[in-house]
Amino acid sequence: FEFGANFENFYAAGEWYRMALNRPGATLDPEFSGWYVEGEWIFTGENKRYVASGTNNNVAVWRGPSVTSPWSLGGGTGAWSLHARHSVVDLNFNEGSAGFATPAGGVRGGEQSVTNVGVTWYLNSNLKTYLEYSMVDIDRLNAAGASLDADFDIVQGRMMFTF
């Protein structure tokens, strides 16, 4: 299930998904799930564009805003936004308890949650850059039931060109 909405210069989206595997000869077929919710506020006033149909993978997607003042040395500022996202994926199935071996047919893939916050600068309608801070939390047991948990932070940046 997926949703996306845009109201003036605010954007929100989310998705929930479930994956089921068919393991030939196995008594149990695992199922996994995950979800995310995200939002963006374009504080320079532009709004995101919805593309109902297009070429290659650009079908039923939200694109960046139509930048009203593209960046230039002559004074254009581009469009600026704040964004946030939280996602969770659960890759455990019949995983059993801590301190014990994985039950037959069980999967201990772990559960991961990630929270991102950042700022995006749309220089024009084809070029954007962003800086983002991510907080990652992984809860996982190994096959013997010992903890493989991890918590870490990431600072990342990206520049993207679309055509």
# chains A, B, ... in the order shown; residues from 1 in each chain; ligands from 1

call {"tool": "residues_around", "arguments": {"residues": "stretch 24-33 of chain A", "least_positions_apart": "4", "cutoff": "12 Å", "atoms": "only C-alpha atoms", "output": "list in words"}}
result
Phe1, Glu15, Trp16, Tyr17, Arg18, Met19, Ala20, Ser87, Val88, Val89, Asp90, Leu91, Asn92, Phe93, Asn94, Glu95, Pro103, Ala104, Gly105, Gly106, Val107, Arg108, Gly109, Gly110, Glu111 and Gln112 of chain A

call {"tool": "select_by_dssp", "arguments": {"residues": "chain A", "states": "strand (DSSP E or B)", "output": "compact mmCIF listing (two decimals) with N, CA, C and O atoms, in the first residue's frame"}}
result
# COMPACT_ATOMS: atom_id res chain seq x y z
N GLU A 2 0.51 2.22 -0.78
CA GLU A 2 1.32 3.43 -0.91
C GLU A 2 0.40 4.63 -1.00
O GLU A 2 -0.69 4.55 -1.55
N PHE A 3 0.86 5.75 -0.46
CA PHE A 3 0.11 6.99 -0.63
C PHE A 3 1.10 8.13 -0.79
O PHE A 3 2.25 8.05 -0.39
N GLY A 4 0.62 9.18 -1.42
CA GLY A 4 1.40 10.40 -1.55
C GLY A 4 0.43 11.55 -1.71
O GLY A 4 -0.62 11.41 -2.34
N ALA A 5 0.76 12.68 -1.13
CA ALA A 5 -0.12 13.84 -1.21
C ALA A 5 0.72 15.10 -1.22
O ALA A 5 1.81 15.14 -0.64
N ASN A 6 0.18 16.10 -1.87
CA ASN A 6 0.85 17.38 -1.96
C ASN A 6 -0.20 18.45 -1.72
O ASN A 6 -1.24 18.46 -2.36
N PHE A 7 0.06 19.34 -0.77
CA PHE A 7 -0.82 20.46 -0.52
C PHE A 7 0.04 21.71 -0.48
O PHE A 7 0.87 21.86 0.43
N PHE A 10 3.71 21.64 0.83
CA PHE A 10 3.93 20.52 1.74
C PHE A 10 3.69 19.21 1.00
O PHE A 10 2.73 19.08 0.24
N TYR A 11 4.55 18.23 1.23
CA TYR A 11 4.45 16.92 0.58
C TYR A 11 4.56 15.85 1.65
O TYR A 11 5.38 15.96 2.58
N ALA A 12 3.76 14.81 1.55
CA ALA A 12 3.82 13.66 2.47
C ALA A 12 3.61 12.38 1.68
O ALA A 12 2.85 12.36 0.71
N ALA A 13 4.28 11.33 2.09
CA ALA A 13 4.12 10.04 1.43
C ALA A 13 4.41 8.93 2.43
O ALA A 13 5.05 9.16 3.46
N GLY A 14 3.96 7.74 2.10
CA GLY A 14 4.23 6.57 2.94
C GLY A 14 3.93 5.31 2.17
O GLY A 14 3.27 5.33 1.13
N GLU A 15 4.43 4.21 2.70
CA GLU A 15 4.22 2.92 2.04
C GLU A 15 4.37 1.82 3.07
O GLU A 15 5.17 1.92 4.00
N TRP A 16 3.58 0.77 2.92
CA TRP A 16 3.72 -0.45 3.69
C TRP A 16 3.83 -1.58 2.69
O TRP A 16 3.11 -1.61 1.68
N TYR A 17 4.73 -2.50 2.94
CA TYR A 17 4.89 -3.62 2.01
C TYR A 17 5.15 -4.91 2.78
O TYR A 17 5.63 -4.91 3.91
N ARG A 18 4.80 -6.01 2.15
CA ARG A 18 5.00 -7.34 2.70
C ARG A 18 5.61 -8.21 1.62
O ARG A 18 5.21 -8.16 0.46
N MET A 19 6.61 -9.00 2.00
CA MET A 19 7.27 -9.91 1.07
C MET A 19 7.10 -11.33 1.58
O MET A 19 7.35 -11.58 2.76
N ALA A 20 6.68 -12.21 0.73
CA ALA A 20 6.53 -13.62 1.10
C ALA A 20 7.44 -14.45 0.19
O ALA A 20 7.49 -14.23 -1.02
N GLU A 31 7.76 -14.64 5.81
CA GLU A 31 7.16 -13.39 5.37
C GLU A 31 7.86 -12.25 6.11
O GLU A 31 8.16 -12.37 7.30
N PHE A 32 8.11 -11.17 5.40
CA PHE A 32 8.77 -10.00 5.97
C PHE A 32 7.94 -8.77 5.63
O PHE A 32 7.15 -8.77 4.68
N SER A 33 8.14 -7.69 6.39
CA SER A 33 7.37 -6.47 6.11
C SER A 33 8.21 -5.25 6.44
O SER A 33 9.22 -5.32 7.14
N GLY A 34 7.74 -4.12 5.94
CA GLY A 34 8.39 -2.85 6.21
C GLY A 34 7.46 -1.71 5.88
O GLY A 34 6.41 -1.89 5.27
N TRP A 35 7.86 -0.51 6.29
CA TRP A 35 7.06 0.67 6.01
C TRP A 35 7.93 1.92 6.12
O TRP A 35 9.03 1.87 6.67
N TYR A 36 7.44 3.00 5.54
CA TYR A 36 8.10 4.29 5.72
C TYR A 36 7.05 5.39 5.66
O TYR A 36 5.97 5.22 5.10
N VAL A 37 7.40 6.52 6.23
CA VAL A 37 6.61 7.74 6.10
C VAL A 37 7.62 8.88 5.92
O VAL A 37 8.68 8.87 6.55
N GLU A 38 7.31 9.80 5.03
CA GLU A 38 8.22 10.90 4.75
C GLU A 38 7.46 12.18 4.48
O GLU A 38 6.28 12.14 4.12
N GLY A 39 8.14 13.29 4.65
CA GLY A 39 7.52 14.58 4.39
C GLY A 39 8.56 15.60 3.96
O GLY A 39 9.75 15.45 4.24
N GLU A 40 8.09 16.63 3.28
CA GLU A 40 8.96 17.70 2.82
C GLU A 40 8.20 19.01 2.84
O GLU A 40 7.03 19.05 2.45
N TRP A 41 8.85 20.04 3.29
CA TRP A 41 8.30 21.40 3.28
C TRP A 41 9.23 22.25 2.43
O TRP A 41 10.39 22.46 2.79
N ILE A 42 8.75 22.71 1.29
CA ILE A 42 9.54 23.57 0.42
C ILE A 42 9.28 25.00 0.86
O ILE A 42 8.26 25.60 0.52
N LYS A 48 5.77 20.17 -5.27
CA LYS A 48 6.22 19.04 -6.07
C LYS A 48 5.22 18.78 -7.19
O LYS A 48 4.05 19.11 -7.10
N ARG A 49 5.71 18.15 -8.26
CA ARG A 49 4.88 17.83 -9.42
C ARG A 49 4.58 16.34 -9.46
O ARG A 49 5.47 15.53 -9.23
N TYR A 50 3.35 15.99 -9.76
CA TYR A 50 2.97 14.59 -9.90
C TYR A 50 2.99 14.22 -11.37
O TYR A 50 2.43 14.94 -12.21
N VAL A 51 3.64 13.11 -11.71
CA VAL A 51 3.72 12.63 -13.09
C VAL A 51 2.92 11.33 -13.17
O VAL A 51 3.36 10.30 -12.67
N VAL A 61 4.81 9.04 -10.28
CA VAL A 61 5.84 9.46 -9.32
C VAL A 61 5.72 10.95 -9.04
O VAL A 61 5.14 11.71 -9.81
N TRP A 62 6.29 11.35 -7.90
CA TRP A 62 6.39 12.76 -7.54
C TRP A 62 7.77 13.24 -7.96
O TRP A 62 8.77 12.63 -7.63
N ARG A 63 7.81 14.32 -8.71
CA ARG A 63 9.08 14.90 -9.14
C ARG A 63 9.35 16.15 -8.32
O ARG A 63 8.49 16.64 -7.61
N GLY A 64 10.55 16.66 -8.47
CA GLY A 64 10.92 17.88 -7.78
C GLY A 64 10.05 19.05 -8.22
O GLY A 64 9.29 18.95 -9.18
N PRO A 65 10.18 20.16 -7.54
CA PRO A 65 9.34 21.32 -7.86
C PRO A 65 9.77 22.01 -9.15
O PRO A 65 10.92 21.86 -9.60
N ALA A 79 15.20 26.62 -5.16
CA ALA A 79 14.17 26.28 -4.18
C ALA A 79 14.83 25.51 -3.05
O ALA A 79 15.73 24.70 -3.26
N TRP A 80 14.37 25.77 -1.82
CA TRP A 80 14.95 25.15 -0.62
C TRP A 80 13.86 24.41 0.15
O TRP A 80 12.73 24.88 0.21
N SER A 81 14.24 23.27 0.74
CA SER A 81 13.26 22.51 1.52
C SER A 81 13.91 21.82 2.71
O SER A 81 15.12 21.58 2.73
N LEU A 82 13.08 21.49 3.67
CA LEU A 82 13.44 20.62 4.78
C LEU A 82 12.69 19.31 4.58
O LEU A 82 11.53 19.31 4.19
N HIS A 83 13.36 18.20 4.83
CA HIS A 83 12.69 16.91 4.66
C HIS A 83 13.02 15.97 5.82
O HIS A 83 14.04 16.14 6.50
N ALA A 84 12.13 15.00 6.03
CA ALA A 84 12.32 13.98 7.06
C ALA A 84 11.70 12.67 6.59
O ALA A 84 10.76 12.67 5.79
N ARG A 85 12.26 11.57 7.08
CA ARG A 85 11.75 10.25 6.71
C ARG A 85 12.04 9.30 7.87
O ARG A 85 13.08 9.38 8.51
N HIS A 86 11.09 8.39 8.12
CA HIS A 86 11.32 7.31 9.08
C HIS A 86 10.92 6.01 8.40
O HIS A 86 9.84 5.92 7.81
N SER A 87 11.79 5.00 8.48
CA SER A 87 11.50 3.71 7.85
C SER A 87 11.86 2.57 8.80
O SER A 87 12.76 2.69 9.63
N VAL A 88 11.11 1.48 8.66
CA VAL A 88 11.33 0.27 9.46
C VAL A 88 11.20 -0.92 8.53
O VAL A 88 10.25 -0.99 7.74
N VAL A 89 12.13 -1.85 8.63
CA VAL A 89 12.01 -3.11 7.91
C VAL A 89 12.28 -4.24 8.90
O VAL A 89 13.21 -4.16 9.70
N ASP A 90 11.42 -5.25 8.88
CA ASP A 90 11.54 -6.40 9.79
C ASP A 90 11.85 -7.63 8.96
O ASP A 90 11.00 -8.12 8.21
N LEU A 91 13.07 -8.14 9.09
CA LEU A 91 13.51 -9.30 8.33
C LEU A 91 13.64 -10.53 9.22
O LEU A 91 14.43 -11.43 8.95
N ASN A 92 12.86 -10.56 10.29
CA ASN A 92 12.78 -11.73 11.17
C ASN A 92 11.55 -12.56 10.82
O ASN A 92 10.51 -12.02 10.48
N PHE A 93 11.70 -13.86 10.94
CA PHE A 93 10.56 -14.77 10.77
C PHE A 93 10.80 -15.97 11.67
O PHE A 93 11.81 -16.67 11.53
N VAL A 107 14.29 -17.31 10.47
CA VAL A 107 15.23 -16.37 9.84
C VAL A 107 15.48 -15.24 10.83
O VAL A 107 14.54 -14.63 11.33
N ARG A 108 16.74 -14.98 11.12
CA ARG A 108 17.11 -13.87 11.99
C ARG A 108 17.79 -12.78 11.15
O ARG A 108 18.99 -12.55 11.25
N GLY A 109 17.02 -12.12 10.35
CA GLY A 109 17.54 -11.04 9.52
C GLY A 109 17.63 -9.73 10.26
O GLY A 109 18.32 -8.81 9.86
N GLY A 110 16.89 -9.61 11.36
CA GLY A 110 16.91 -8.41 12.18
C GLY A 110 15.84 -7.41 11.82
O GLY A 110 15.11 -7.57 10.84
N GLU A 111 15.75 -6.38 12.65
CA GLU A 111 14.84 -5.27 12.39
C GLU A 111 15.68 -3.99 12.35
O GLU A 111 16.52 -3.77 13.22
N GLN A 112 15.44 -3.20 11.35
CA GLN A 112 16.19 -1.96 11.17
C GLN A 112 15.23 -0.79 11.10
O GLN A 112 14.23 -0.84 10.40
N SER A 113 15.55 0.27 11.84
CA SER A 113 14.79 1.52 11.70
C SER A 113 15.78 2.64 11.42
O SER A 113 16.88 2.66 11.98
N VAL A 114 15.39 3.53 10.52
CA VAL A 114 16.24 4.65 10.12
C VAL A 114 15.40 5.92 10.15
O VAL A 114 14.30 5.95 9.60
N THR A 115 15.93 6.96 10.78
CA THR A 115 15.30 8.27 10.78
C THR A 115 16.26 9.24 10.10
O THR A 115 17.43 9.32 10.48
N ASN A 116 15.76 9.93 9.07
CA ASN A 116 16.56 10.89 8.31
C ASN A 116 15.95 12.28 8.44
O ASN A 116 14.72 12.42 8.38
N VAL A 117 16.79 13.29 8.56
CA VAL A 117 16.37 14.69 8.47
C VAL A 117 17.41 15.42 7.64
O VAL A 117 18.59 15.09 7.69
N GLY A 118 16.95 16.39 6.85
CA GLY A 118 17.90 17.08 6.01
C GLY A 118 17.34 18.31 5.34
O GLY A 118 16.17 18.67 5.51
N VAL A 119 18.19 18.92 4.56
CA VAL A 119 17.85 20.10 3.79
C VAL A 119 18.19 19.82 2.32
O VAL A 119 19.22 19.19 2.03
N THR A 120 17.31 20.25 1.41
CA THR A 120 17.52 20.07 -0.02
C THR A 120 17.55 21.43 -0.71
O THR A 120 16.75 22.31 -0.39
N TRP A 121 18.45 21.58 -1.66
CA TRP A 121 18.52 22.78 -2.48
C TRP A 121 18.32 22.36 -3.92
O TRP A 121 19.14 21.64 -4.50
N TYR A 122 17.19 22.77 -4.50
CA TYR A 122 16.91 22.54 -5.92
C TYR A 122 17.47 23.74 -6.68
O TYR A 122 16.88 24.81 -6.67
N LEU A 127 18.53 19.90 -11.34
CA LEU A 127 19.69 19.69 -10.50
C LEU A 127 19.36 19.99 -9.04
O LEU A 127 18.81 21.05 -8.73
N LYS A 128 19.66 19.04 -8.17
CA LYS A 128 19.43 19.26 -6.73
C LYS A 128 20.61 18.70 -5.95
O LYS A 128 21.32 17.80 -6.40
N THR A 129 20.77 19.23 -4.75
CA THR A 129 21.77 18.73 -3.83
C THR A 129 21.15 18.71 -2.44
O THR A 129 20.23 19.48 -2.17
N TYR A 130 21.60 17.78 -1.62
CA TYR A 130 21.07 17.77 -0.26
C TYR A 130 22.11 17.31 0.74
O TYR A 130 23.10 16.66 0.39
N LEU A 131 21.88 17.69 1.97
CA LEU A 131 22.69 17.27 3.11
C LEU A 131 21.71 16.64 4.09
O LEU A 131 20.65 17.21 4.37
N GLU A 132 22.08 15.46 4.62
CA GLU A 132 21.14 14.70 5.44
C GLU A 132 21.86 14.04 6.61
O GLU A 132 23.00 13.61 6.50
N TYR A 133 21.15 13.96 7.72
CA TYR A 133 21.63 13.27 8.92
C TYR A 133 20.72 12.07 9.14
O TYR A 133 19.49 12.21 9.15
N SER A 134 21.31 10.88 9.33
CA SER A 134 20.55 9.65 9.51
C SER A 134 20.92 8.97 10.82
O SER A 134 22.11 8.88 11.16
N MET A 135 19.91 8.50 11.53
CA MET A 135 20.10 7.73 12.76
C MET A 135 19.61 6.31 12.49
O MET A 135 18.44 6.12 12.16
N VAL A 136 20.50 5.34 12.61
CA VAL A 136 20.21 3.95 12.26
C VAL A 136 20.22 3.09 13.53
O VAL A 136 21.14 3.19 14.33
N ASP A 137 19.21 2.24 13.67
CA ASP A 137 19.11 1.32 14.80
C ASP A 137 18.82 -0.07 14.24
O ASP A 137 17.81 -0.27 13.56
N ILE A 138 19.72 -1.02 14.51
CA ILE A 138 19.56 -2.40 14.04
C ILE A 138 19.49 -3.32 15.25
O ILE A 138 20.38 -3.29 16.10
N ASP A 139 18.44 -4.12 15.32
CA ASP A 139 18.26 -5.11 16.38
C ASP A 139 18.28 -6.48 15.71
O ASP A 139 17.42 -6.78 14.88
N LEU A 141 19.72 -10.83 16.21
CA LEU A 141 20.35 -11.94 16.91
C LEU A 141 21.07 -12.82 15.91
O LEU A 141 20.58 -13.02 14.79
N SER A 147 23.44 -11.18 20.63
CA SER A 147 23.08 -9.89 20.03
C SER A 147 24.11 -9.44 18.97
O SER A 147 25.32 -9.51 19.18
N ALA A 150 23.26 -2.92 16.46
CA ALA A 150 24.13 -1.81 16.07
C ALA A 150 23.31 -0.54 16.04
O ALA A 150 22.15 -0.54 15.62
N ASP A 151 23.92 0.54 16.51
CA ASP A 151 23.33 1.88 16.43
C ASP A 151 24.42 2.80 15.91
O ASP A 151 25.53 2.81 16.47
N PHE A 152 24.12 3.56 14.86
CA PHE A 152 25.12 4.49 14.35
C PHE A 152 24.43 5.64 13.63
O PHE A 152 23.25 5.57 13.30
N ASP A 153 25.18 6.69 13.41
CA ASP A 153 24.70 7.89 12.73
C ASP A 153 25.49 8.10 11.45
O ASP A 153 26.67 7.73 11.37
N ILE A 154 24.84 8.72 10.47
CA ILE A 154 25.46 8.98 9.18
C ILE A 154 25.18 10.42 8.79
O ILE A 154 24.06 10.90 8.94
N VAL A 155 26.18 11.10 8.28
CA VAL A 155 26.00 12.39 7.63
C VAL A 155 26.34 12.17 6.17
O VAL A 155 27.42 11.67 5.84
N GLN A 156 25.39 12.50 5.30
CA GLN A 156 25.60 12.22 3.88
C GLN A 156 25.14 13.39 3.03
O GLN A 156 24.27 14.16 3.42
N GLY A 157 25.73 13.49 1.87
CA GLY A 157 25.34 14.51 0.91
C GLY A 157 25.26 13.89 -0.47
O GLY A 157 25.85 12.84 -0.73
N ARG A 158 24.52 14.54 -1.33
CA ARG A 158 24.34 14.02 -2.68
C ARG A 158 24.02 15.16 -3.62
O ARG A 158 23.35 16.11 -3.25
N MET A 159 24.48 15.03 -4.86
CA MET A 159 24.06 15.94 -5.92
C MET A 159 23.46 15.07 -7.02
O MET A 159 24.05 14.05 -7.39
N MET A 160 22.27 15.43 -7.50
CA MET A 160 21.57 14.64 -8.50
C MET A 160 21.18 15.49 -9.69
O MET A 160 20.75 16.63 -9.54
N PHE A 161 21.33 14.89 -10.87
CA PHE A 161 20.88 15.53 -12.11
C PHE A 161 19.82 14.65 -12.73
O PHE A 161 20.00 13.45 -12.86

call {"tool": "atom_distance", "arguments": {"atom1": "atom CA of A:Asn22", "atom2": "atom CA of A:Phe100"}}
result
25.5 Å

call {"tool": "closest_residue", "arguments": {"among": "A:Thr102, A:Ser97, A:Ser125, A:Phe43", "to": "A:Thr68", "atoms": "only C-alpha atoms"}}
result
A:Ser125

call {"tool": "atom_distance", "arguments": {"atom1": "atom CA of A:Ser53", "atom2": "atom CA of A:Asn126"}}
result
18.2 Å

call {"tool": "atom_distance", "arguments": {"atom1": "atom CA of A:Ala52", "atom2": "atom CA of A:Glu8"}}
result
18.3 Å
